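Below is one structure, written out as structure tokens; comments come after it.
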Amino acid sequence: MPQRGAIRKLLPGEGHLQATQGPRTYTLLAAAMALPIILLIVLQIVFALDRERAAVVDFALSRAERIMLLADAQTRADRAVMEVLASAEMVERHDWPLAYARMREVAALNPHWRTVTISDLTADAEIISLARPYASTPAPINATIAQARDISREGPGCPCLYLHTPIGADGRYRLSVGVDPEVFRTLLLRNLPEGAIAALVDADGIFLARSHEHDERVGTPATRFVRAAIAGGGDSGLYAGTTYEGFRNHTAFVVSAETGWSAHVAIASGLIDRPRAYSSAAIAVGSVLALMLAGALIYWALRDLGRRRVAEDRMAQTQKLEAIGQLTGGVAHDFNNLLTVMIGGLNMLLKRIEDPKQREIAEHMLETAKRGDRLTKQLLAFSRGKRMELAPVDLHVLAPGMEELLRRSVSAGTNIGFDLHPDARWVKTDANQIELAILNLVINARDAMPDGGDITISTRPSAARPDCIELGVRDSGLGMPRDVAERAMEPFFTTKPAGKGTGLGLAQVFGAARQSGGSVEIESAPDRGTMVRLLLPRSEAATPAPAQSLAEPKPSPAAGQRILVVDDEPGVLSFVASTLSEAGYAVTSAADPGEALHLLTTAPAHDLLLTDFSMPAMNGLELAERARMAHADLRVLIISGWADADALEKSAARPRLLRKPFDERVLLDAVQAALATS
């Protein structure tokens, strides 16, 4: 966005140059500004799609790793019991009748053991087996046991997944247990992502358990894709393949170092291929547009080189200086303009899209744009030391409203609960900063509980300060010693390893509480968890906004009133003007303050001036003050992502402020509120 300009005398020959080449100059400037914006949008889309793809891959790998860890834990537990049985006195002295009885007792305590066998490997004989009554005469050895295979579909109680352990030091006798594969199938089903297929495979590529068609596939060879991945020798990875059911997929796998088994989680190919295809399409479209703009710039620049004079050189130098100021001073404003158009346009699209897949894509894009909005506001708040905007905040709505975000920020083994006292609800603070404070506290709690645990977010009336409400976050983690707790609020103080923490999380919590007129308390002790309390000033409940239908926004009761909309960003101007027109207002648009002042003097009287803050020649506040000098009853609403609310409050124009980005409902509410002021 251009910064506020200054009036200056024209350089010699500059007036003629502007008169003859003005349109061409504006074309060049527009193309120059559009090129980095296009590249920025393409990069944002590509990065977002790459992050989406990486998140899917990481999720599938984490599930495969979890399944493998649980399978290892199960086999480890079974082997431990087997080792105890193999070292029993009657087994070591080969008292087979007593050993048979002992085997029955242990098998009864492990119902997933389908059969237990002791074999003589030297004589190729089966000494005793729970699959048959005890007999002093040995039977032929089971081929699966003789070959020490992991799985067999044939034999008593099968299919069985076999575990083996030697008896004695000479290795002549072997204790073998046939485990029910259903144990591992249950493990797969409990950790299976929605729409996925999972399997447990041995080192030879034989199915040990499977989430789908388990009975038909257990003990049979896996697909060539699975066997090729195992043969590759990697500990983990991702490969493309097709299941026996014809399910085209990308499969994440993890190999156990203990057993040589591997866990495979197959997810739909589209979850990974689609972001990659969209990313390629975005790069292609962005590259074409960038090349077209670059070509246009080169064409006009080469055409103008022969026509430029000394006056043109001076003007070019001035334009360069102005461009630098535009790029450095208007980044936040430009980014909020982009978000305003994206959020408003996506909301409009969602009302018109019926296809579920298209709606899902649009909703993901809208959520990403809203995350960009929150990030921009937080960065702006830190970058310019912005004073918090205090207002009544309902903790009973704010805290539960963050539940989805908080659950995504913690591990699967962490439980998040809420304990909200009915008499501790409304406080006066900045909602954005309190949300950030809660998020910081929950992340700290997560880091203090590496094995998972419980996090409770609570509200209570403060006994020490009746004028305050306690907003608390408690965890069941490692806790802190007293000396660490006393320094926890210091900026840049952290006990985390290098690169794992900035030391600013609790400092932000402290700053949010102090600027709200409250304080922070910490209760913690080693191995007893931590409780952080924010004492926030009580507030009266906010005046409820008029109930609105979830359907398309309806025109304001003041429909038909005249509104002058001023914005030099075409996308924002078009979005605001069309939204207000659809709501029933009579809208006049102006692309710059000069045109707006002309319309205010020549067109019929307007009821509201709705203007952007940062514009060429003069900013929105200056425009409002000049307009109020001529029209004392004119109401003013300024839209901006970075204008200082203090400066607006001190202005004689008494404007209201609407923060960018916004959607159509927020815009209509702000316009109606501005028109209602006297």
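In the structure tokens, chains take the letters A, B, ... in the order shown, each chain's residues start at 1, and ligands count up from 1 in the order shown.
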
Residues within 7 Å of A:Thr429, only C-alpha atoms, excluding chain neighbours under 2 positions, as a count of residues only: 7

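Excluding A:Gly260 and any residue on its chain fewer than 2 positions from it, the residues at most 9 Å away by only C-alpha atoms are A:Val201, A:Asp202, A:Ala203, A:Val255, A:Ser256, A:Ala257, A:Glu258, A:Ser262.
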
Just list the residues in stretch 432-611 of chain A DSSP gives strand (DSSP E) on the backbone, as a ChimeraX atom specification. /A:453-461,468-475,519-524,530-537,562-566,586-590,608-611

Give me a file of those residues, with N, CA and C atoms, as a compact mmCIF listing (two decimals), in the first residue's frame.
```
# COMPACT_ATOMS: atom_id res chain seq x y z
N GLY A 453 -0.90 -37.13 30.43
CA GLY A 453 -1.47 -36.86 31.75
C GLY A 453 -2.74 -36.05 31.61
N ASP A 454 -3.07 -35.29 32.66
CA ASP A 454 -4.32 -34.54 32.69
C ASP A 454 -4.03 -33.05 32.78
N ILE A 455 -4.76 -32.28 31.97
CA ILE A 455 -4.72 -30.82 32.02
C ILE A 455 -6.14 -30.33 32.29
N THR A 456 -6.29 -29.48 33.30
CA THR A 456 -7.61 -28.97 33.67
C THR A 456 -7.59 -27.45 33.59
N ILE A 457 -8.54 -26.90 32.83
CA ILE A 457 -8.70 -25.45 32.73
C ILE A 457 -9.92 -25.08 33.58
N SER A 458 -9.74 -24.19 34.55
CA SER A 458 -10.79 -23.91 35.51
C SER A 458 -10.98 -22.42 35.71
N THR A 459 -12.16 -22.05 36.21
CA THR A 459 -12.43 -20.69 36.65
C THR A 459 -13.02 -20.76 38.06
N ARG A 460 -12.60 -19.82 38.91
CA ARG A 460 -13.06 -19.76 40.29
C ARG A 460 -13.11 -18.30 40.74
N PRO A 461 -14.06 -17.95 41.61
CA PRO A 461 -13.98 -16.63 42.25
C PRO A 461 -12.73 -16.58 43.12
N CYS A 468 -11.74 -10.04 41.48
CA CYS A 468 -11.09 -10.78 40.40
C CYS A 468 -11.63 -12.20 40.29
N ILE A 469 -11.39 -12.80 39.14
CA ILE A 469 -11.72 -14.19 38.86
C ILE A 469 -10.42 -14.92 38.54
N GLU A 470 -10.28 -16.14 39.08
CA GLU A 470 -9.09 -16.95 38.82
C GLU A 470 -9.33 -17.83 37.59
N LEU A 471 -8.50 -17.64 36.58
CA LEU A 471 -8.46 -18.53 35.42
C LEU A 471 -7.22 -19.42 35.59
N GLY A 472 -7.43 -20.71 35.83
CA GLY A 472 -6.33 -21.61 36.17
C GLY A 472 -6.10 -22.70 35.13
N VAL A 473 -4.84 -23.09 34.98
CA VAL A 473 -4.46 -24.24 34.14
C VAL A 473 -3.60 -25.15 35.01
N ARG A 474 -4.11 -26.36 35.30
CA ARG A 474 -3.42 -27.32 36.16
C ARG A 474 -2.99 -28.52 35.33
N ASP A 475 -1.79 -29.04 35.62
CA ASP A 475 -1.33 -30.25 34.96
C ASP A 475 -0.85 -31.25 36.00
N SER A 519 -2.98 -10.25 37.96
CA SER A 519 -1.67 -10.79 38.30
C SER A 519 -1.65 -12.29 37.99
N VAL A 520 -0.49 -12.92 38.27
CA VAL A 520 -0.32 -14.35 38.01
C VAL A 520 0.26 -15.02 39.25
N GLU A 521 -0.25 -16.21 39.57
CA GLU A 521 0.27 -17.00 40.69
C GLU A 521 0.64 -18.39 40.18
N ILE A 522 1.74 -18.95 40.73
CA ILE A 522 2.18 -20.29 40.34
C ILE A 522 2.30 -21.15 41.59
N GLU A 523 1.67 -22.34 41.54
CA GLU A 523 1.85 -23.35 42.58
C GLU A 523 2.46 -24.58 41.92
N SER A 524 3.63 -25.01 42.40
CA SER A 524 4.28 -26.15 41.79
C SER A 524 5.26 -26.79 42.75
N THR A 530 1.74 -28.71 38.30
CA THR A 530 1.81 -27.25 38.36
C THR A 530 0.42 -26.67 38.18
N MET A 531 0.14 -25.59 38.92
CA MET A 531 -1.10 -24.83 38.77
C MET A 531 -0.73 -23.36 38.55
N VAL A 532 -1.13 -22.81 37.40
CA VAL A 532 -0.90 -21.40 37.10
C VAL A 532 -2.25 -20.70 37.11
N ARG A 533 -2.37 -19.64 37.90
CA ARG A 533 -3.62 -18.89 38.01
C ARG A 533 -3.43 -17.48 37.48
N LEU A 534 -4.32 -17.06 36.58
CA LEU A 534 -4.39 -15.68 36.14
C LEU A 534 -5.53 -15.01 36.90
N LEU A 535 -5.23 -13.97 37.67
CA LEU A 535 -6.26 -13.20 38.36
C LEU A 535 -6.66 -12.06 37.46
N LEU A 536 -7.89 -12.11 36.95
CA LEU A 536 -8.39 -11.13 35.98
C LEU A 536 -9.56 -10.36 36.58
N PRO A 537 -9.65 -9.04 36.34
CA PRO A 537 -10.73 -8.23 36.92
C PRO A 537 -12.10 -8.71 36.46
N ARG A 562 -27.47 5.84 2.62
CA ARG A 562 -26.40 6.04 1.65
C ARG A 562 -25.04 5.89 2.34
N ILE A 563 -24.18 5.11 1.72
CA ILE A 563 -22.85 4.85 2.28
C ILE A 563 -21.81 5.11 1.19
N LEU A 564 -20.77 5.87 1.54
CA LEU A 564 -19.64 6.10 0.64
C LEU A 564 -18.50 5.20 1.09
N VAL A 565 -18.07 4.27 0.21
CA VAL A 565 -17.00 3.32 0.51
C VAL A 565 -15.73 3.77 -0.21
N VAL A 566 -14.63 3.91 0.55
CA VAL A 566 -13.36 4.39 -0.01
C VAL A 566 -12.27 3.37 0.31
N ALA A 586 -27.59 1.91 -0.19
CA ALA A 586 -27.23 2.62 -1.42
C ALA A 586 -25.75 2.96 -1.33
N VAL A 587 -24.94 2.32 -2.15
CA VAL A 587 -23.49 2.38 -2.01
C VAL A 587 -22.88 3.18 -3.16
N THR A 588 -21.97 4.08 -2.79
CA THR A 588 -21.14 4.79 -3.77
C THR A 588 -19.69 4.43 -3.48
N SER A 589 -18.92 4.08 -4.52
CA SER A 589 -17.54 3.64 -4.33
C SER A 589 -16.57 4.70 -4.81
N ALA A 590 -15.44 4.80 -4.10
CA ALA A 590 -14.36 5.70 -4.49
C ALA A 590 -13.04 4.96 -4.30
N LEU A 608 -23.04 7.60 5.94
CA LEU A 608 -21.86 6.96 6.54
C LEU A 608 -20.70 7.02 5.55
N LEU A 609 -19.51 7.37 6.06
CA LEU A 609 -18.26 7.29 5.31
C LEU A 609 -17.51 6.06 5.82
N LEU A 610 -17.34 5.06 4.96
CA LEU A 610 -16.62 3.83 5.31
C LEU A 610 -15.31 3.84 4.52
N THR A 611 -14.19 4.06 5.20
CA THR A 611 -12.93 4.28 4.49
C THR A 611 -11.81 3.43 5.05
```

Could you state the separation of atom CA of A:Ser269 and atom CA of A:Leu192 in Å, given to one decimal place? 16.3 Å

Excluding A:Met402 and its own-chain neighbours fewer than 4 positions away, which residues fall within 10 Å of it when counting only C-alpha atoms? Please give them as a short mmCIF file (atom, residue, chain, number, x, y, z; two decimals) with all heavy atoms, in the first residue's frame.
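See around27.cif below for the written result:
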```cif
data_model
loop_
_atom_site.label_atom_id
_atom_site.label_comp_id
_atom_site.auth_asym_id
_atom_site.auth_seq_id
_atom_site.Cartn_x
_atom_site.Cartn_y
_atom_site.Cartn_z
N VAL A 397 -17.25 -19.23 27.41
CA VAL A 397 -17.31 -19.42 25.97
C VAL A 397 -15.91 -19.49 25.38
O VAL A 397 -15.61 -20.34 24.55
CB VAL A 397 -18.10 -18.27 25.31
CG1 VAL A 397 -18.04 -18.37 23.78
CG2 VAL A 397 -19.55 -18.28 25.78
N LEU A 398 -15.01 -18.62 25.85
CA LEU A 398 -13.67 -18.54 25.28
C LEU A 398 -12.89 -19.83 25.50
O LEU A 398 -12.31 -20.39 24.55
CB LEU A 398 -12.92 -17.35 25.87
CG LEU A 398 -11.51 -17.10 25.35
CD1 LEU A 398 -11.25 -15.60 25.22
CD2 LEU A 398 -10.46 -17.70 26.27
N LEU A 406 -6.58 -26.78 21.33
CA LEU A 406 -5.75 -27.27 22.42
C LEU A 406 -5.49 -28.77 22.26
O LEU A 406 -4.37 -29.24 22.50
CB LEU A 406 -6.42 -26.98 23.76
CG LEU A 406 -6.63 -25.49 24.09
CD1 LEU A 406 -7.35 -25.34 25.43
CD2 LEU A 406 -5.31 -24.75 24.12
N ARG A 407 -6.51 -29.52 21.87
CA ARG A 407 -6.32 -30.98 21.72
C ARG A 407 -5.34 -31.28 20.59
O ARG A 407 -4.61 -32.27 20.65
CB ARG A 407 -7.67 -31.66 21.46
CG ARG A 407 -8.59 -31.62 22.67
CD ARG A 407 -9.75 -32.59 22.56
NE ARG A 407 -10.68 -32.42 23.67
CZ ARG A 407 -10.49 -32.93 24.88
NH1 ARG A 407 -9.39 -33.63 25.13
NH2 ARG A 407 -11.37 -32.74 25.84
N GLU A 435 -6.52 -15.90 24.93
CA GLU A 435 -6.44 -17.15 24.16
C GLU A 435 -4.98 -17.58 24.00
O GLU A 435 -4.64 -18.76 24.18
CB GLU A 435 -7.08 -16.97 22.79
CG GLU A 435 -8.60 -16.96 22.80
CD GLU A 435 -9.18 -16.86 21.41
OE1 GLU A 435 -8.41 -16.50 20.48
OE2 GLU A 435 -10.37 -17.14 21.24
N ILE A 438 -3.68 -18.94 27.35
CA ILE A 438 -4.14 -20.30 27.62
C ILE A 438 -3.36 -21.30 26.77
O ILE A 438 -2.93 -22.36 27.25
CB ILE A 438 -5.66 -20.42 27.37
CG1 ILE A 438 -6.44 -19.58 28.40
CG2 ILE A 438 -6.11 -21.88 27.43
CD1 ILE A 438 -7.93 -19.55 28.15
N LEU A 439 -3.17 -20.97 25.49
CA LEU A 439 -2.43 -21.87 24.60
C LEU A 439 -1.00 -22.06 25.10
O LEU A 439 -0.47 -23.18 25.12
CB LEU A 439 -2.44 -21.31 23.18
CG LEU A 439 -1.69 -22.13 22.12
CD1 LEU A 439 -2.28 -23.54 22.02
CD2 LEU A 439 -1.74 -21.43 20.77
#
```
